[in-house]
$ cat query_29.cif   # mmCIF, C-alpha atoms
data_work
#
loop_
_atom_site.label_atom_id
_atom_site.label_comp_id
_atom_site.auth_asym_id
_atom_site.auth_seq_id
_atom_site.Cartn_x
_atom_site.Cartn_y
_atom_site.Cartn_z
CA MET A 21 -170.98 -179.09 -2.90
CA THR A 22 -172.16 -180.34 -6.30
CA ASN A 23 -175.22 -178.06 -6.33
CA VAL A 24 -172.92 -175.02 -6.09
CA LEU A 25 -170.19 -176.26 -8.41
CA ARG A 26 -171.86 -176.27 -11.80
CA GLY A 27 -170.89 -175.07 -15.27
CA PRO A 28 -167.98 -172.62 -15.50
CA VAL A 29 -167.83 -172.24 -11.70
CA LYS A 30 -166.74 -175.87 -11.44
CA TYR A 31 -163.83 -175.37 -13.84
CA LEU A 32 -162.87 -172.09 -12.19
CA PHE A 33 -162.83 -173.87 -8.82
CA TYR A 34 -160.57 -176.63 -10.18
CA ILE A 35 -158.17 -174.14 -11.76
CA TYR A 36 -158.06 -172.08 -8.57
CA THR A 37 -157.35 -175.23 -6.53
CA ILE A 38 -154.43 -176.07 -8.84
CA TRP A 39 -153.21 -172.46 -8.50
CA VAL A 40 -153.27 -172.68 -4.68
CA ILE A 41 -151.53 -176.08 -4.59
CA GLY A 42 -149.02 -174.75 -7.15
CA ALA A 43 -147.80 -172.20 -4.58
CA PHE A 44 -146.11 -175.14 -2.85
CA SER A 45 -144.63 -176.55 -6.07
CA LEU A 46 -141.01 -175.58 -5.31
CA LEU A 47 -141.09 -178.27 -2.62
CA LEU A 48 -141.10 -180.78 -5.46
CA THR A 49 -137.49 -179.86 -6.21
CA HIS A 50 -136.65 -182.22 -3.32
CA LEU A 51 -138.24 -185.11 -5.19
CA SER A 52 -137.50 -184.61 -8.86
CA GLU A 53 -135.36 -182.69 -11.31
CA PHE A 54 -136.70 -179.28 -12.34
CA SER A 55 -135.22 -177.26 -15.17
CA PRO A 56 -134.29 -173.65 -14.30
CA GLN A 57 -136.53 -172.51 -17.18
CA PHE A 58 -139.51 -174.15 -15.53
CA LEU A 59 -138.58 -172.59 -12.19
CA PHE A 60 -138.34 -169.21 -13.93
CA PHE A 61 -141.79 -169.76 -15.44
CA LEU A 62 -143.31 -170.79 -12.10
CA LYS A 63 -141.70 -167.92 -10.20
CA GLY A 64 -142.84 -165.43 -12.84
CA LEU A 65 -146.35 -166.90 -12.86
CA TYR A 66 -146.81 -166.22 -9.16
CA HIS A 67 -144.92 -162.93 -9.41
CA THR A 68 -147.91 -161.56 -11.33
CA SER A 69 -149.86 -161.66 -8.06
CA CYS A 70 -147.22 -161.41 -5.32
CA HIS A 71 -143.98 -159.53 -4.61
CA GLN A 72 -142.39 -162.82 -3.39
CA LEU A 73 -140.02 -161.02 -1.00
CA PRO A 74 -137.94 -163.75 0.70
CA GLU A 75 -138.21 -162.11 4.15
CA LYS A 76 -142.02 -162.20 3.91
CA THR A 77 -142.30 -165.76 2.62
CA PHE A 78 -142.65 -169.02 4.54
CA ILE A 79 -139.68 -171.36 4.12
CA LEU A 80 -140.50 -175.06 4.39
CA TRP A 81 -137.69 -177.65 4.38
CA ASN A 82 -135.24 -174.94 3.36
CA THR A 83 -137.39 -174.11 0.31
CA PRO A 84 -139.26 -170.81 -0.06
CA LEU A 85 -142.88 -170.94 -1.20
CA LEU A 86 -143.85 -169.09 -4.36
CA VAL A 87 -146.04 -166.50 -2.59
CA CYS A 88 -145.71 -164.39 0.56
CA CYS A 89 -147.42 -165.32 3.84
CA ARG A 90 -150.35 -162.94 3.28
CA CYS A 91 -151.07 -164.19 -0.25
CA LEU A 92 -150.79 -167.80 0.95
CA GLY A 93 -153.28 -166.99 3.70
CA ILE A 94 -155.69 -165.41 1.19
CA TYR A 95 -155.43 -168.42 -1.14
CA LEU A 96 -155.81 -171.09 1.54
CA GLY A 97 -158.46 -169.16 3.48
CA SER A 98 -160.61 -168.60 0.40
CA LEU A 99 -160.24 -172.16 -0.90
CA ILE A 100 -160.92 -173.94 2.40
CA SER A 101 -163.79 -171.65 3.40
CA PHE A 102 -165.42 -172.01 -0.04
CA VAL A 103 -165.32 -175.80 0.31
CA VAL A 104 -166.85 -175.49 3.81
CA PHE A 105 -169.58 -173.03 2.62
CA ALA A 106 -170.49 -175.26 -0.32
CA THR A 107 -170.33 -178.58 1.55
CA PHE A 108 -172.45 -177.50 4.52
CA ARG A 109 -174.68 -175.27 2.38
CA PHE A 110 -174.30 -172.21 4.59
CA ASN A 111 -176.63 -169.27 4.17
CA LYS A 112 -175.05 -166.41 2.28
CA PRO A 113 -173.01 -164.20 4.66
CA SER A 114 -174.26 -160.65 5.28
CA ILE A 115 -172.30 -157.71 3.96
CA PHE A 116 -171.50 -156.62 7.56
CA VAL A 117 -169.87 -159.97 8.30
CA ILE A 118 -167.85 -159.72 5.08
CA PHE A 119 -166.74 -156.18 5.94
CA ALA A 120 -165.78 -157.31 9.46
CA LEU A 121 -163.62 -160.05 7.94
CA ILE A 122 -161.77 -157.53 5.75
CA VAL A 123 -160.91 -155.26 8.71
CA PRO A 124 -157.95 -157.32 10.12
CA LEU A 125 -156.10 -157.12 6.79
CA ILE A 126 -156.77 -153.39 6.45
CA LEU A 127 -155.50 -152.86 10.02
CA ASP A 128 -152.36 -154.94 9.42
CA VAL A 129 -151.51 -153.17 6.14
CA SER A 130 -152.22 -149.75 7.69
CA ARG A 131 -149.99 -150.65 10.66
CA LEU A 132 -147.14 -151.51 8.30
CA LEU A 133 -147.64 -148.39 6.19
CA LEU A 134 -147.52 -146.27 9.37
CA HIS A 135 -144.38 -148.18 10.52
CA ILE A 136 -146.05 -149.38 13.73
CA GLY A 137 -144.14 -152.56 14.51
CA GLY A 138 -142.50 -154.83 11.97
CA TYR A 139 -143.78 -157.39 9.52
CA SER A 140 -144.95 -160.60 11.14
CA LYS A 141 -145.35 -163.68 8.95
CA SER A 142 -147.98 -165.20 11.23
CA ILE A 143 -150.05 -161.99 11.46
CA GLY A 144 -149.80 -161.61 7.67
CA PHE A 145 -150.93 -165.19 7.17
CA ILE A 146 -153.82 -164.97 9.66
CA SER A 147 -155.12 -161.59 8.40
CA GLY A 148 -154.80 -162.91 4.83
CA SER A 149 -156.73 -166.07 5.72
CA ILE A 150 -159.55 -164.05 7.27
CA PHE A 151 -159.65 -161.83 4.17
CA GLY A 152 -159.77 -164.99 2.04
CA VAL A 153 -162.88 -166.11 3.92
CA ALA A 154 -164.51 -162.75 3.09
CA VAL A 155 -163.66 -163.10 -0.62
CA SER A 156 -165.03 -166.63 -0.83
CA GLY A 157 -168.13 -165.46 1.10
CA LEU A 158 -168.75 -162.83 -1.59
CA ILE A 159 -168.22 -165.37 -4.37
CA TYR A 160 -170.39 -167.98 -2.65
CA SER A 161 -173.26 -165.52 -2.19
CA VAL A 162 -173.28 -164.74 -5.94
CA ILE A 163 -173.08 -168.37 -7.04
CA LYS A 164 -175.82 -169.38 -4.62
CA GLU A 165 -178.16 -166.63 -5.81
CA SER A 166 -177.36 -166.77 -9.51
CA PRO A 167 -180.53 -167.32 -11.60
CA ASN A 168 -178.82 -169.92 -13.76
CA LYS A 169 -175.54 -171.31 -12.52
CA MET B 28 -168.60 -154.41 -30.81
CA ASN B 29 -170.22 -156.92 -28.48
CA THR B 30 -171.43 -155.30 -25.24
CA ARG B 31 -169.35 -157.80 -23.25
CA PHE B 32 -166.09 -157.21 -25.10
CA SER B 33 -165.90 -153.43 -25.38
CA PRO B 34 -166.09 -152.88 -21.57
CA ALA B 35 -163.54 -155.68 -21.10
CA LEU B 36 -161.23 -154.05 -23.66
CA VAL B 37 -161.40 -150.63 -21.98
CA ALA B 38 -161.03 -152.04 -18.44
CA GLY B 39 -158.23 -154.39 -19.54
CA PHE B 40 -156.35 -151.48 -21.08
CA ALA B 41 -156.80 -149.40 -17.91
CA ALA B 42 -155.49 -152.30 -15.80
CA ALA B 43 -152.44 -152.67 -18.06
CA VAL B 44 -151.69 -148.94 -17.81
CA LEU B 45 -151.93 -149.08 -14.00
CA SER B 46 -149.71 -152.15 -13.82
CA THR B 47 -146.84 -150.30 -15.54
CA ILE B 48 -146.49 -148.11 -12.43
CA PRO B 49 -143.63 -149.83 -10.53
CA PHE B 50 -145.29 -149.83 -7.08
CA MET B 51 -148.59 -151.06 -8.49
CA SER B 52 -147.20 -153.87 -10.64
CA PHE B 53 -147.12 -156.57 -7.95
CA MET B 54 -150.73 -155.82 -7.05
CA SER B 55 -151.91 -156.45 -10.61
CA CYS B 56 -153.53 -159.80 -9.88
CA CYS B 57 -154.45 -159.10 -6.27
CA LEU B 58 -156.27 -155.82 -6.79
CA ILE B 59 -155.93 -154.33 -10.27
CA ILE B 60 -157.24 -157.24 -12.36
CA PRO B 61 -160.26 -158.05 -10.15
CA GLY B 62 -160.85 -154.28 -9.94
CA ALA B 63 -160.75 -154.06 -13.74
CA SER B 64 -163.30 -156.88 -13.97
CA ILE B 65 -165.61 -154.99 -11.62
CA LEU B 66 -165.09 -151.86 -13.76
CA ALA B 67 -165.88 -153.85 -16.94
CA LEU B 68 -169.04 -155.16 -15.31
CA SER B 69 -170.12 -151.63 -14.38
CA PHE B 70 -169.49 -150.47 -17.99
CA HIS B 71 -171.52 -153.46 -19.19
CA PHE B 72 -174.43 -152.49 -16.93
CA LYS B 73 -174.13 -148.87 -18.12
CA ILE B 74 -174.52 -150.05 -21.73
CA VAL B 75 -177.29 -152.63 -21.35
CA GLY B 76 -178.86 -151.47 -18.07
CA LEU B 77 -178.96 -153.27 -14.71
CA TYR B 78 -180.30 -156.81 -14.71
CA ARG B 79 -179.80 -160.00 -12.69
CA ILE B 80 -176.63 -161.29 -14.29
CA LYS B 81 -175.82 -165.01 -14.55
CA THR B 82 -172.61 -166.20 -12.91
CA LYS B 83 -171.46 -167.57 -16.26
CA GLU B 84 -171.84 -164.15 -17.88
CA ALA B 85 -169.96 -162.41 -15.03
CA ILE B 86 -167.15 -164.95 -15.40
CA ILE B 87 -166.96 -164.37 -19.17
CA ILE B 88 -166.73 -160.59 -18.72
CA GLY B 89 -164.02 -161.05 -16.04
CA LEU B 90 -162.16 -163.59 -18.15
CA THR B 91 -162.08 -161.38 -21.25
CA THR B 92 -160.99 -158.41 -19.12
CA GLY B 93 -158.09 -160.51 -17.78
CA MET B 94 -157.16 -161.66 -21.29
CA PHE B 95 -157.18 -158.13 -22.73
CA ALA B 96 -155.17 -156.94 -19.72
CA ALA B 97 -152.61 -159.72 -20.35
CA LEU B 98 -152.32 -158.68 -23.99
CA PHE B 99 -151.82 -154.99 -23.19
CA MET B 100 -149.52 -155.70 -20.23
CA THR B 101 -147.27 -157.82 -22.43
CA ALA B 102 -147.29 -155.16 -25.14
CA PHE B 103 -146.33 -152.44 -22.64
CA ASP B 104 -143.66 -154.65 -21.09
CA PHE B 105 -142.25 -155.40 -24.55
CA LEU B 106 -142.20 -151.70 -25.44
CA ILE B 107 -140.64 -150.56 -22.16
CA THR B 108 -138.03 -153.34 -22.29
CA TYR B 109 -137.18 -152.44 -25.89
CA LEU B 110 -136.77 -148.74 -25.05
CA THR B 111 -134.92 -149.08 -21.73
CA LYS B 112 -133.04 -152.35 -22.46
CA THR B 113 -133.74 -153.48 -18.93
CA ASN B 114 -136.63 -154.87 -16.92
CA ASN B 115 -137.47 -156.45 -13.56
CA PHE B 116 -136.31 -159.85 -14.75
CA SER B 117 -132.89 -158.75 -15.98
CA GLN B 118 -132.37 -156.66 -12.84
CA SER B 119 -133.26 -159.46 -10.44
CA PHE B 120 -131.63 -162.25 -12.47
CA THR B 121 -128.60 -162.60 -10.19
CA GLU B 122 -130.85 -163.14 -7.17
CA ALA B 123 -133.08 -165.54 -9.09
CA GLU B 124 -130.03 -167.51 -10.24
CA LYS B 125 -128.84 -167.74 -6.63
CA MET B 126 -132.23 -169.08 -5.61
CA PHE B 127 -132.36 -171.64 -8.45
CA ARG B 128 -128.81 -172.69 -7.61
CA SER B 129 -129.65 -173.31 -3.98
CA LEU B 130 -132.87 -175.14 -4.90
CA LEU B 131 -131.39 -177.38 -7.56
CA LEU B 132 -127.83 -177.90 -6.35
CA ASP B 133 -128.47 -178.08 -2.60
CA ASN B 134 -131.24 -180.61 -3.19
CA LYS B 135 -128.75 -182.52 -5.36
CA SER B 136 -131.21 -182.79 -8.24
CA MET B 137 -128.50 -181.44 -10.61
CA THR B 138 -124.73 -181.35 -10.88
CA PRO B 139 -123.07 -177.89 -11.20
CA ALA B 140 -122.22 -178.63 -14.86
CA GLU B 141 -125.82 -179.62 -15.65
CA PHE B 142 -127.05 -176.52 -13.86
CA ASP B 143 -124.76 -174.22 -15.86
CA MET B 144 -125.90 -175.82 -19.09
CA ALA B 145 -129.58 -175.58 -18.13
CA MET B 146 -129.17 -171.92 -17.15
CA SER B 147 -127.69 -170.87 -20.49
CA PRO B 148 -131.04 -170.10 -22.22
CA LEU B 149 -131.99 -167.82 -19.32
CA ARG B 150 -128.57 -166.14 -19.40
CA LYS B 151 -128.97 -165.61 -23.14
CA MET B 152 -132.37 -164.07 -22.48
CA VAL B 153 -130.83 -161.55 -20.04
CA TYR B 154 -128.01 -160.86 -22.52
CA ASP B 155 -130.54 -160.22 -25.33
CA ILE B 156 -132.59 -157.89 -23.11
CA ASN B 157 -129.50 -155.93 -22.01
CA THR B 158 -128.07 -155.58 -25.53
CA THR B 159 -131.01 -155.31 -27.95
CA GLY B 160 -134.00 -155.00 -25.61
CA LEU B 161 -135.69 -157.84 -27.49
CA SER B 162 -136.16 -161.44 -26.44
CA ALA B 163 -138.85 -163.57 -28.05
CA PHE B 164 -138.56 -166.24 -25.32
CA TYR B 165 -139.01 -163.63 -22.59
CA THR B 166 -142.01 -162.00 -24.33
CA ALA B 167 -143.71 -165.37 -24.93
CA THR B 168 -143.13 -166.44 -21.31
CA ILE B 169 -144.41 -163.14 -19.89
CA PHE B 170 -147.49 -163.35 -22.12
CA LEU B 171 -148.31 -166.89 -20.93
CA GLN B 172 -147.76 -165.92 -17.30
CA ASN B 173 -149.96 -162.83 -17.63
CA LEU B 174 -152.60 -164.70 -19.59
CA PHE B 175 -152.96 -167.47 -17.03
CA GLY B 176 -152.80 -165.30 -13.90
CA ASN B 177 -154.97 -162.48 -15.23
CA SER B 178 -157.61 -164.83 -16.67
CA LEU B 179 -157.99 -166.60 -13.33
CA PHE B 180 -158.13 -163.46 -11.20
CA GLY B 181 -160.22 -161.63 -13.81
CA SER B 182 -162.83 -164.41 -13.66
CA LEU B 183 -162.87 -164.26 -9.87
CA GLY B 184 -163.18 -160.48 -10.10
CA GLY B 185 -166.19 -160.93 -12.38
CA ILE B 186 -168.00 -162.96 -9.72
CA ILE B 187 -167.03 -160.51 -6.96
CA GLY B 188 -168.30 -157.67 -9.18
CA ALA B 189 -171.62 -159.44 -9.65
CA SER B 190 -171.98 -159.64 -5.86
CA LEU B 191 -171.27 -155.92 -5.50
CA PHE B 192 -173.98 -155.00 -8.02
CA LYS B 193 -176.43 -157.52 -6.54
CA LYS B 194 -177.94 -155.16 -3.96
CA LYS B 195 -178.49 -152.43 -6.56
CA ILE B 196 -180.14 -154.94 -8.88
CA ASN B 197 -182.35 -156.28 -6.07
CA ASN B 198 -183.46 -152.72 -5.23
CA ILE B 199 -184.47 -152.10 -8.85
CA ASN B 200 -186.32 -155.42 -9.06
CA ASN B 201 -188.23 -154.61 -5.86
CA GLN B 202 -189.41 -151.21 -7.17
#
$ encode --input "query_29.cif" --output "structure tokens"
Amino acid sequence: MTNVLRGPVKYLFYIYTIWVIGAFSLLLTHLSEFSPQFLFFLKGLYHTSCHQLPEKTFILWNTPLLVCCRCLGIYLGSLISFVVFATFRFNKPSIFVIFALIVPLILDVSRLLLHIGGYSKSIGFISGSIFGVAVSGLIYSVIKESPNK
Amino acid sequence: MNTRFSPALVAGFAAAVLSTIPFMSFMSCCLIIPGASILALSFHFKIVGLYRIKTKEAIIIGLTTGMFAALFMTAFDFLITYLTKTNNFSQSFTEAEKMFRSLLLDNKSMTPAEFDMAMSPLRKMVYDINTTGLSAFYTATIFLQNLFGNSLFGSLGGIIGASLFKKKINNINNQ
């Protein structure tokens, strides 16, 4: 892991990890007092990347997460797979594998745009996770091959 | 201007323009910002020619693209809010207030009186937007949100962009 995480990549990885964990931050309202201004800031922060529609968002302990199921899948899939790639020093994935991993998300979005069936949180989460693996595969291949990390 | 900053400026501006389209706005971090970083990288290669770029350099180009996009997005949001005296926040405030109420009151982390008092700055913000179209608190908050989100996704877009140009660069190096 340490041979991949060097220089700015290391800091970017830490910030991204905080971003992913932050998607669960509303759960902390059960434990401590949050000001509405801070909630507004958090909600707006994640709104820059996600529509946050309540019907498309996982609800844990009666508390909605800050991103929809698909975005959560992308975040968790990319973070976990990057850690796995870097820890076990995988070879860089081929472009065909990466393309194959993007297909489920394209199919799910196309299905929804064509009104074939309704939105499914689990399908959104799974297709997002698989897409996340593809994104981290792309990022990992660059970092691994970079002349000077 | 520096060959890293002028492509980032152009791509950041393009991303900000795209994000003003209502349907596109929620995709700004998911697709538009990383896309703008890739565009900035392609402009950079057009200016200096293709070469094997360092990850650090790709991140810097992506980061600056995200920062410029945040700046322009905030400026556009400010302008549109000033002209129309409404925005997404003021329109969805009632729903947001309902959500905050259920989160903070149902979890018993606040009393109703404390909640009302804590909500007053946000209510004032909505009032300011609806009456004058100007709210310094709102603009500052939006800028910070855009800056953080766009910088992160712009940097990631920079790395993804480097991977997309990798094959082309390898082909040139092999010739």
$ resolve_selection --input "query_29.cif" --expression "the PyMOL selection byres ((chain A) within 7 of (chain B))" --output "list in words"
Pro28, Thr49, His50, Ser52, Glu53, Ser55, Pro56, Gln57, Phe61, Gly64, Leu65, His67, Thr68, Ser69, Cys70, His71, Thr83, Leu158, Ile159, Val162, Ile163, Ser166, Pro167, Asn168 and Lys169 of chain A
$ resolve_selection --input "query_29.cif" --expression "the PyMOL selection byres ((chain B and resi 34-42) around 7)" --output "VMD selection string"
chain B and resid 30 to 33 43 to 46 59 to 60 63 to 64 66 to 67 70 to 71 88 91 to 93 95 to 96 99
$ resolve_selection --input "query_29.cif" --expression "the PyMOL selection byres ((chain B and resi 101-113) around 9)" --output "list in words"
Ala43, Val44, Thr47, Ala96, Ala97, Leu98, Phe99, Met100, Asn114, Asn115, Phe116, Ser117, Gln118, Val153, Asp155, Ile156, Asn157, Thr158, Thr159, Gly160, Leu161, Ser162, Thr166, Ala167, Ile169, Phe170 and Asn173 of chain B
$ atom_distance --input "query_29.cif" --atom1 "atom CA of A:Leu62" --atom2 "atom CA of A:Val87"
10.8 Å
$ residues_around --input "query_29.cif" --residues "A:Phe105" --least-positions-apart "4" --cutoff "8 Å" --atoms "all atoms listed in the file" --output "compact mmCIF listing (two decimals) with C-alpha atoms, in the coordinates of the input"
# COMPACT_ATOMS: atom_id res chain seq x y z
CA SER A 101 -163.79 -171.65 3.40
CA ARG A 109 -174.68 -175.27 2.38
CA PHE A 110 -174.30 -172.21 4.59
CA GLY A 157 -168.13 -165.46 1.10
CA TYR A 160 -170.39 -167.98 -2.65
$ atom_distance --input "query_29.cif" --atom1 "atom CA of A:Ile94" --atom2 "atom CA of A:Val155"
8.5 Å
$ atom_distance --input "query_29.cif" --atom1 "atom CA of A:Leu99" --atom2 "atom CA of A:Thr37"
7.0 Å
$ residues_around --input "query_29.cif" --residues "stretch 124-127 of chain A" --least-positions-apart "5" --cutoff "7 Å" --atoms "all atoms listed in the file" --output "ChimeraX atom specification"
/A:147-148,151
$ residues_around --input "query_29.cif" --residues "A:Gly97" --least-positions-apart "6" --cutoff "7 Å" --atoms "only C-alpha atoms" --output "count of residues only"
4
$ decode --input "query_29.cif" --residues "stretch 72-104 of chain A" --atoms "N, CA and C atoms" --output "tab-separated table (two decimals), in the first residue's frame"
chain	number	residue	atom	x	y	z
A	72	GLN	N	-29.50	13.60	-3.98
A	72	GLN	CA	-29.96	13.33	-2.61
A	72	GLN	C	-31.47	13.12	-2.51
A	73	LEU	N	-32.08	12.54	-3.53
A	73	LEU	CA	-33.54	12.32	-3.47
A	73	LEU	C	-33.84	11.30	-2.36
A	74	PRO	N	-34.75	11.63	-1.43
A	74	PRO	CA	-34.99	10.73	-0.29
A	74	PRO	C	-35.40	9.32	-0.71
A	75	GLU	N	-36.19	9.22	-1.82
A	75	GLU	CA	-36.67	7.89	-2.23
A	75	GLU	C	-35.56	7.03	-2.85
A	76	LYS	N	-34.41	7.66	-3.14
A	76	LYS	CA	-33.30	6.90	-3.73
A	76	LYS	C	-32.11	6.81	-2.76
A	77	THR	N	-32.39	7.08	-1.50
A	77	THR	CA	-31.30	7.12	-0.50
A	77	THR	C	-31.54	6.07	0.58
A	78	PHE	N	-30.47	5.41	0.99
A	78	PHE	CA	-30.59	4.45	2.10
A	78	PHE	C	-30.91	5.20	3.39
A	79	ILE	N	-31.78	4.60	4.19
A	79	ILE	CA	-32.12	5.19	5.50
A	79	ILE	C	-31.67	4.22	6.59
A	80	LEU	N	-30.71	4.63	7.39
A	80	LEU	CA	-30.21	3.79	8.47
A	80	LEU	C	-30.63	4.38	9.81
A	81	TRP	N	-31.20	3.58	10.67
A	81	TRP	CA	-31.68	4.03	11.98
A	81	TRP	C	-32.51	5.32	11.85
A	82	ASN	N	-33.42	5.28	10.87
A	82	ASN	CA	-34.33	6.40	10.67
A	82	ASN	C	-33.63	7.68	10.21
A	83	THR	N	-32.39	7.55	9.75
A	83	THR	CA	-31.62	8.72	9.32
A	83	THR	C	-31.16	8.53	7.88
A	84	PRO	N	-31.51	9.47	6.98
A	84	PRO	CA	-31.06	9.29	5.59
A	84	PRO	C	-29.57	9.58	5.46
A	85	LEU	N	-28.91	8.88	4.56
A	85	LEU	CA	-27.50	9.18	4.30
A	85	LEU	C	-27.43	10.42	3.42
A	86	LEU	N	-26.24	10.97	3.27
A	86	LEU	CA	-26.12	12.24	2.53
A	86	LEU	C	-26.04	12.05	1.01
A	87	VAL	N	-25.90	10.81	0.56
A	87	VAL	CA	-25.85	10.57	-0.90
A	87	VAL	C	-26.79	9.42	-1.25
A	88	CYS	N	-27.17	9.34	-2.53
A	88	CYS	CA	-28.09	8.29	-2.97
A	88	CYS	C	-27.37	6.94	-3.00
A	89	CYS	N	-28.13	5.88	-3.21
A	89	CYS	CA	-27.56	4.52	-3.18
A	89	CYS	C	-26.46	4.34	-4.22
A	90	ARG	N	-26.68	4.89	-5.43
A	90	ARG	CA	-25.69	4.70	-6.50
A	90	ARG	C	-24.38	5.41	-6.16
A	91	CYS	N	-24.50	6.66	-5.69
A	91	CYS	CA	-23.29	7.42	-5.33
A	91	CYS	C	-22.55	6.73	-4.18
A	92	LEU	N	-23.33	6.22	-3.20
A	92	LEU	CA	-22.70	5.52	-2.07
A	92	LEU	C	-21.95	4.29	-2.58
A	93	GLY	N	-22.57	3.58	-3.52
A	93	GLY	CA	-21.92	2.41	-4.12
A	93	GLY	C	-20.63	2.79	-4.83
A	94	ILE	N	-20.67	3.90	-5.59
A	94	ILE	CA	-19.46	4.35	-6.31
A	94	ILE	C	-18.36	4.67	-5.30
A	95	TYR	N	-18.72	5.43	-4.25
A	95	TYR	CA	-17.72	5.84	-3.25
A	95	TYR	C	-17.11	4.62	-2.55
A	96	LEU	N	-17.99	3.75	-2.03
A	96	LEU	CA	-17.48	2.61	-1.27
A	96	LEU	C	-16.73	1.63	-2.18
A	97	GLY	N	-17.29	1.39	-3.37
A	97	GLY	CA	-16.65	0.47	-4.32
A	97	GLY	C	-15.26	0.95	-4.70
A	98	SER	N	-15.14	2.24	-5.00
A	98	SER	CA	-13.83	2.77	-5.42
A	98	SER	C	-12.84	2.76	-4.26
A	99	LEU	N	-13.30	3.13	-3.08
A	99	LEU	CA	-12.38	3.20	-1.93
A	99	LEU	C	-11.88	1.81	-1.54
A	100	ILE	N	-12.82	0.87	-1.38
A	100	ILE	CA	-12.43	-0.47	-0.93
A	100	ILE	C	-11.56	-1.16	-1.99
A	101	SER	N	-11.97	-1.04	-3.27
A	101	SER	CA	-11.19	-1.73	-4.31
A	101	SER	C	-9.80	-1.11	-4.44
A	102	PHE	N	-9.69	0.22	-4.24
A	102	PHE	CA	-8.35	0.84	-4.33
A	102	PHE	C	-7.44	0.29	-3.23
A	103	VAL	N	-8.01	0.17	-2.02
A	103	VAL	CA	-7.22	-0.38	-0.90
A	103	VAL	C	-6.78	-1.81	-1.23
A	104	VAL	N	-7.70	-2.60	-1.82
A	104	VAL	CA	-7.38	-4.00	-2.17
A	104	VAL	C	-6.29	-4.02	-3.26
